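Colleague: The structure is given below, and queries will be raised subsequently.
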Amino acid sequence: MTREARIAEELAKQFPELRETIRVQRERRIYMDSPAATLDKLIDFASNELKFISLVSLVGTDEGENLGVMYVLAADDGILLSIKRYQPKTDPVIATMTGRFPNAEYYEKELVDLLGFRVEGLPPGPRYPLTDDWPEGQYPLRKDWKPEMLNRKEG
């Protein structure tokens, strides 16, 4: 049995309700979905028990009615675990991961600026990657956003 298969098996044993979402896509790549309520426990288990010790990337997506966030964790042996969760566009709130992974800060700022997430607990600081004068409420990675929206006056 490969290490990826053993990891998938451990995840399924610990989180049986997520069994159907766990898949080994290819060598060194494991993907799964997680509801918001399970995410912290899942990341704790992956970090502490399965030794996924670093956050490689945090990717936001526009999924139509929902926004997605994929947390990509890495183990020392190069295996990546990608955990995706969804939030409704009407309430795109997630908790910061900066306490666990300090490098999450700029990834989370990208989620705020580019997709309109609200990240609870995100340390204050300058915007990233958009300029400070970028109009509020304009999220250029949302599918319904168009560049001409920048020229419209609010009100």
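Residue numbers start at 1 in each chain; chains themselves are named A, B, ... in the order of the structure tokens; ligands are numbered from 1 in the order shown.
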Would you mind writing down, as an MDAnalysis selection string, each residue of chain A that DSSP on the backbone assigns to strand (DSSP E)?
Modeller: chainID A and resid 23:26 29:33 52:62 66:75 80:88 93:95 118:120
Colleague: Residues at most 12 Å from Gln14 in chain A, counting only C-alpha atoms, excluding those fewer than 2 positions away in the same chain, as a CSV table (one decimal) with C-alpha atoms, in the first residue's frame?
Modeller:
chain,number,residue,atom,x,y,z
A,7,ILE,CA,-3.0,8.6,4.6
A,8,ALA,CA,-6.3,8.4,2.8
A,9,GLU,CA,-7.2,5.4,4.9
A,10,GLU,CA,-6.3,7.2,8.1
A,11,LEU,CA,-8.3,10.3,7.1
A,12,ALA,CA,-11.3,8.1,6.4
A,16,PRO,CA,-15.8,8.7,8.3
A,17,GLU,CA,-18.3,11.3,7.2
A,18,LEU,CA,-15.8,12.7,4.7
A,19,ARG,CA,-14.8,9.2,3.3
A,22,ILE,CA,-11.1,11.7,-0.1
A,38,THR,CA,-14.8,20.0,10.6
A,41,LYS,CA,-10.1,19.3,13.6
A,42,LEU,CA,-9.1,18.0,10.1
A,43,ILE,CA,-6.1,20.3,9.8
A,44,ASP,CA,-5.1,19.6,13.4
A,45,PHE,CA,-5.2,15.8,12.7
A,46,ALA,CA,-3.3,16.3,9.4
A,49,GLU,CA,-0.8,12.9,13.4
A,50,LEU,CA,0.0,12.7,9.6
Colleague: Just the residues within 10 Å of Gly78 in chain A, please, counting only C-alpha atoms, with nothing from its chain fewer than 6 positions along; format it as JSON, numbers by chain.
Modeller: {"A": [27, 28, 29, 52]}
Colleague: Residues at most 10 Å from Pro102 in chain A, counting only C-alpha atoms, excluding those fewer than 5 positions away in the same chain, as a list in words?
Modeller: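 Surrounding residues, per the criterion: Ser54, Leu55, Thr96 and Met97 of chain A.
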Colleague: Based on the selection just made, write N, CA and C atoms of those residues as a PDB file, in the first residue's frame.
Modeller:
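Final output, saved to again19.pdb:
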ATOM      1  N   SER A  54       3.423  22.045   6.809  1.00  0.00           N
ATOM      2  CA  SER A  54       3.497  23.394   6.256  1.00  0.00           C
ATOM      3  C   SER A  54       2.349  23.672   5.288  1.00  0.00           C
ATOM      4  N   LEU A  55       1.959  24.946   5.270  1.00  0.00           N
ATOM      5  CA  LEU A  55       0.962  25.415   4.321  1.00  0.00           C
ATOM      6  C   LEU A  55       1.708  25.868   3.078  1.00  0.00           C
ATOM      7  N   THR A  96      -9.005  32.864  10.200  1.00  0.00           N
ATOM      8  CA  THR A  96      -7.612  32.913   9.784  1.00  0.00           C
ATOM      9  C   THR A  96      -6.863  31.651  10.202  1.00  0.00           C
ATOM     10  N   MET A  97      -5.861  31.319   9.443  1.00  0.00           N
ATOM     11  CA  MET A  97      -4.961  30.204   9.762  1.00  0.00           C
ATOM     12  C   MET A  97      -3.593  30.722  10.208  1.00  0.00           C
TER      13      MET A  97
END
Colleague: Taking the DSSP assignment computed from this structure's backbone, write out as a VMD selection string all residues of chain A that belong to helix (DSSP H, G or I).
Modeller: chain A and resid 3 to 14 16 to 21 36 to 48 104 to 115 147 to 151
Colleague: Please produce a file of those selected residues containing N, CA and C atoms, as a short mmCIF file (atom, residue, chain, number, x, y, z; two decimals), in the first residue's frame.
Modeller:
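And here's again06.cif as it stands now:
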data_model
loop_
_atom_site.label_atom_id
_atom_site.label_comp_id
_atom_site.auth_asym_id
_atom_site.auth_seq_id
_atom_site.Cartn_x
_atom_site.Cartn_y
_atom_site.Cartn_z
N ARG A 3 2.05 5.22 0.55
CA ARG A 3 1.87 6.16 1.67
C ARG A 3 0.61 7.00 1.45
N GLU A 4 0.33 7.40 0.21
CA GLU A 4 -0.86 8.18 -0.08
C GLU A 4 -2.13 7.40 0.31
N ALA A 5 -2.16 6.12 -0.04
CA ALA A 5 -3.31 5.28 0.30
C ALA A 5 -3.45 5.12 1.81
N ARG A 6 -2.32 4.99 2.51
CA ARG A 6 -2.37 4.88 3.98
C ARG A 6 -2.90 6.17 4.61
N ILE A 7 -2.47 7.30 4.07
CA ILE A 7 -2.95 8.59 4.57
C ILE A 7 -4.46 8.71 4.33
N ALA A 8 -4.89 8.37 3.13
CA ALA A 8 -6.32 8.42 2.80
C ALA A 8 -7.12 7.52 3.73
N GLU A 9 -6.58 6.35 4.01
CA GLU A 9 -7.24 5.41 4.92
C GLU A 9 -7.33 5.99 6.34
N GLU A 10 -6.26 6.59 6.82
CA GLU A 10 -6.26 7.22 8.15
C GLU A 10 -7.26 8.36 8.22
N LEU A 11 -7.31 9.18 7.18
CA LEU A 11 -8.27 10.28 7.14
C LEU A 11 -9.70 9.75 7.18
N ALA A 12 -9.97 8.71 6.41
CA ALA A 12 -11.31 8.12 6.37
C ALA A 12 -11.69 7.50 7.70
N LYS A 13 -10.71 6.90 8.38
CA LYS A 13 -10.97 6.30 9.68
C LYS A 13 -11.28 7.38 10.72
N GLN A 14 -10.55 8.47 10.69
CA GLN A 14 -10.73 9.55 11.65
C GLN A 14 -11.97 10.40 11.34
N PRO A 16 -15.00 9.60 9.16
CA PRO A 16 -15.78 8.72 8.28
C PRO A 16 -16.83 9.46 7.45
N GLU A 17 -17.33 10.57 7.96
CA GLU A 17 -18.32 11.35 7.22
C GLU A 17 -17.75 12.00 5.96
N LEU A 18 -16.42 12.05 5.86
CA LEU A 18 -15.76 12.65 4.70
C LEU A 18 -15.19 11.61 3.73
N ARG A 19 -15.37 10.33 4.05
CA ARG A 19 -14.79 9.23 3.27
C ARG A 19 -15.00 9.40 1.77
N GLU A 20 -16.20 9.76 1.36
CA GLU A 20 -16.52 9.84 -0.08
C GLU A 20 -15.79 10.99 -0.78
N THR A 21 -15.29 11.95 -0.01
CA THR A 21 -14.62 13.10 -0.64
C THR A 21 -13.11 12.89 -0.77
N ALA A 36 -17.10 23.46 6.96
CA ALA A 36 -16.46 24.43 7.85
C ALA A 36 -16.32 23.90 9.28
N ALA A 37 -17.34 23.20 9.76
CA ALA A 37 -17.35 22.72 11.15
C ALA A 37 -16.25 21.70 11.43
N THR A 38 -15.76 21.03 10.42
CA THR A 38 -14.76 19.97 10.60
C THR A 38 -13.34 20.44 10.29
N LEU A 39 -13.20 21.56 9.62
CA LEU A 39 -11.91 21.98 9.08
C LEU A 39 -10.81 22.06 10.13
N ASP A 40 -11.05 22.70 11.26
CA ASP A 40 -10.00 22.84 12.28
C ASP A 40 -9.53 21.48 12.79
N LYS A 41 -10.47 20.60 13.10
CA LYS A 41 -10.09 19.26 13.57
C LYS A 41 -9.31 18.50 12.50
N LEU A 42 -9.74 18.65 11.26
CA LEU A 42 -9.08 17.97 10.15
C LEU A 42 -7.65 18.47 9.97
N ILE A 43 -7.46 19.78 10.00
CA ILE A 43 -6.11 20.33 9.85
C ILE A 43 -5.25 19.98 11.06
N ASP A 44 -5.81 19.99 12.25
CA ASP A 44 -5.06 19.55 13.44
C ASP A 44 -4.59 18.11 13.28
N PHE A 45 -5.50 17.24 12.85
CA PHE A 45 -5.15 15.82 12.66
C PHE A 45 -4.08 15.67 11.58
N ALA A 46 -4.27 16.36 10.47
CA ALA A 46 -3.29 16.27 9.37
C ALA A 46 -1.92 16.77 9.83
N SER A 47 -1.90 17.85 10.58
CA SER A 47 -0.62 18.41 11.04
C SER A 47 0.03 17.55 12.12
N ASN A 48 -0.72 17.22 13.14
CA ASN A 48 -0.15 16.54 14.30
C ASN A 48 0.06 15.04 14.11
N ALA A 104 0.13 32.15 6.12
CA ALA A 104 -1.23 32.25 5.58
C ALA A 104 -1.67 33.69 5.39
N GLU A 105 -1.01 34.62 6.06
CA GLU A 105 -1.47 36.02 6.06
C GLU A 105 -1.67 36.59 4.66
N TYR A 106 -0.66 36.49 3.81
CA TYR A 106 -0.80 37.09 2.47
C TYR A 106 -1.74 36.31 1.57
N TYR A 107 -1.80 35.02 1.74
CA TYR A 107 -2.80 34.24 0.99
C TYR A 107 -4.21 34.71 1.38
N GLU A 108 -4.42 34.90 2.68
CA GLU A 108 -5.74 35.32 3.15
C GLU A 108 -6.06 36.74 2.69
N LYS A 109 -5.06 37.61 2.64
CA LYS A 109 -5.30 38.96 2.12
C LYS A 109 -5.71 38.92 0.65
N GLU A 110 -5.14 37.99 -0.11
CA GLU A 110 -5.56 37.80 -1.50
C GLU A 110 -7.02 37.39 -1.56
N LEU A 111 -7.44 36.49 -0.66
CA LEU A 111 -8.84 36.06 -0.65
C LEU A 111 -9.77 37.24 -0.37
N VAL A 112 -9.36 38.12 0.53
CA VAL A 112 -10.14 39.30 0.85
C VAL A 112 -10.23 40.22 -0.36
N ASP A 113 -9.08 40.61 -0.90
CA ASP A 113 -9.04 41.57 -2.01
C ASP A 113 -9.64 41.05 -3.30
N LEU A 114 -9.34 39.83 -3.66
CA LEU A 114 -9.68 39.33 -4.98
C LEU A 114 -11.04 38.63 -5.07
N LEU A 115 -11.51 38.06 -3.94
CA LEU A 115 -12.77 37.33 -3.98
C LEU A 115 -13.82 37.83 -2.98
N PRO A 147 -14.30 44.50 -15.76
CA PRO A 147 -13.47 45.69 -15.56
C PRO A 147 -14.25 47.00 -15.62
N GLU A 148 -15.30 47.06 -16.42
CA GLU A 148 -16.07 48.30 -16.52
C GLU A 148 -16.79 48.64 -15.21
N MET A 149 -16.89 47.68 -14.29
CA MET A 149 -17.51 47.94 -13.00
C MET A 149 -16.71 48.98 -12.21
N LEU A 150 -15.44 49.12 -12.51
CA LEU A 150 -14.60 50.11 -11.82
C LEU A 150 -15.05 51.54 -12.12
N ASN A 151 -15.67 51.75 -13.27
CA ASN A 151 -16.07 53.09 -13.66
C ASN A 151 -17.44 53.50 -13.13
#
Colleague: Please list as an NGL selection string every residue within 12 Å of Gly116 in chain A, counting only C-alpha atoms and excluding residues in the same chain fewer than 2 positions away.
Modeller: :A and (60-62 or 66-69 or 87-94 or 108-114 or 118-119 or 135-142 or 145)
Colleague: Which is closer to Arg100 in chain A than all the others in A:Leu73, A:Pro35, A:Lys146, A:Val59, using only C-alpha atoms?
Modeller: A:Leu73
Colleague: Counting only C-alpha atoms, figure out which residue out of A:Asp76, A:Met1, A:Gly99, A:Met70 gets nearest to Met32 in chain A.
Modeller: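 Smallest separation from Met32 in chain A among the options: A:Met70.
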Colleague: Kindly indicate which residue among A:Ile30, A:Val24, A:Ala95, A:Val72 lies nearest to Ile53 in chain A, using only C-alpha atoms for the distances.
Modeller: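 Ranking A:Ile30, A:Val24, A:Ala95, A:Val72 by distance to Ile53 in chain A, first place goes to A:Val72.
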Colleague: Expressed in Å to a single decimal, how great is the separation between CA of Phe101 in chain A and CA of Ser57 in chain A?
Modeller: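 Rounded to one decimal, the two atoms are 10.6 Å apart.
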Colleague: Any idea what the distance is between CA of Ala74 in chain A and CA of Pro129 in chain A?
Modeller: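 We find that CA of Ala74 in chain A and CA of Pro129 in chain A lie 24.4 Å from each other.
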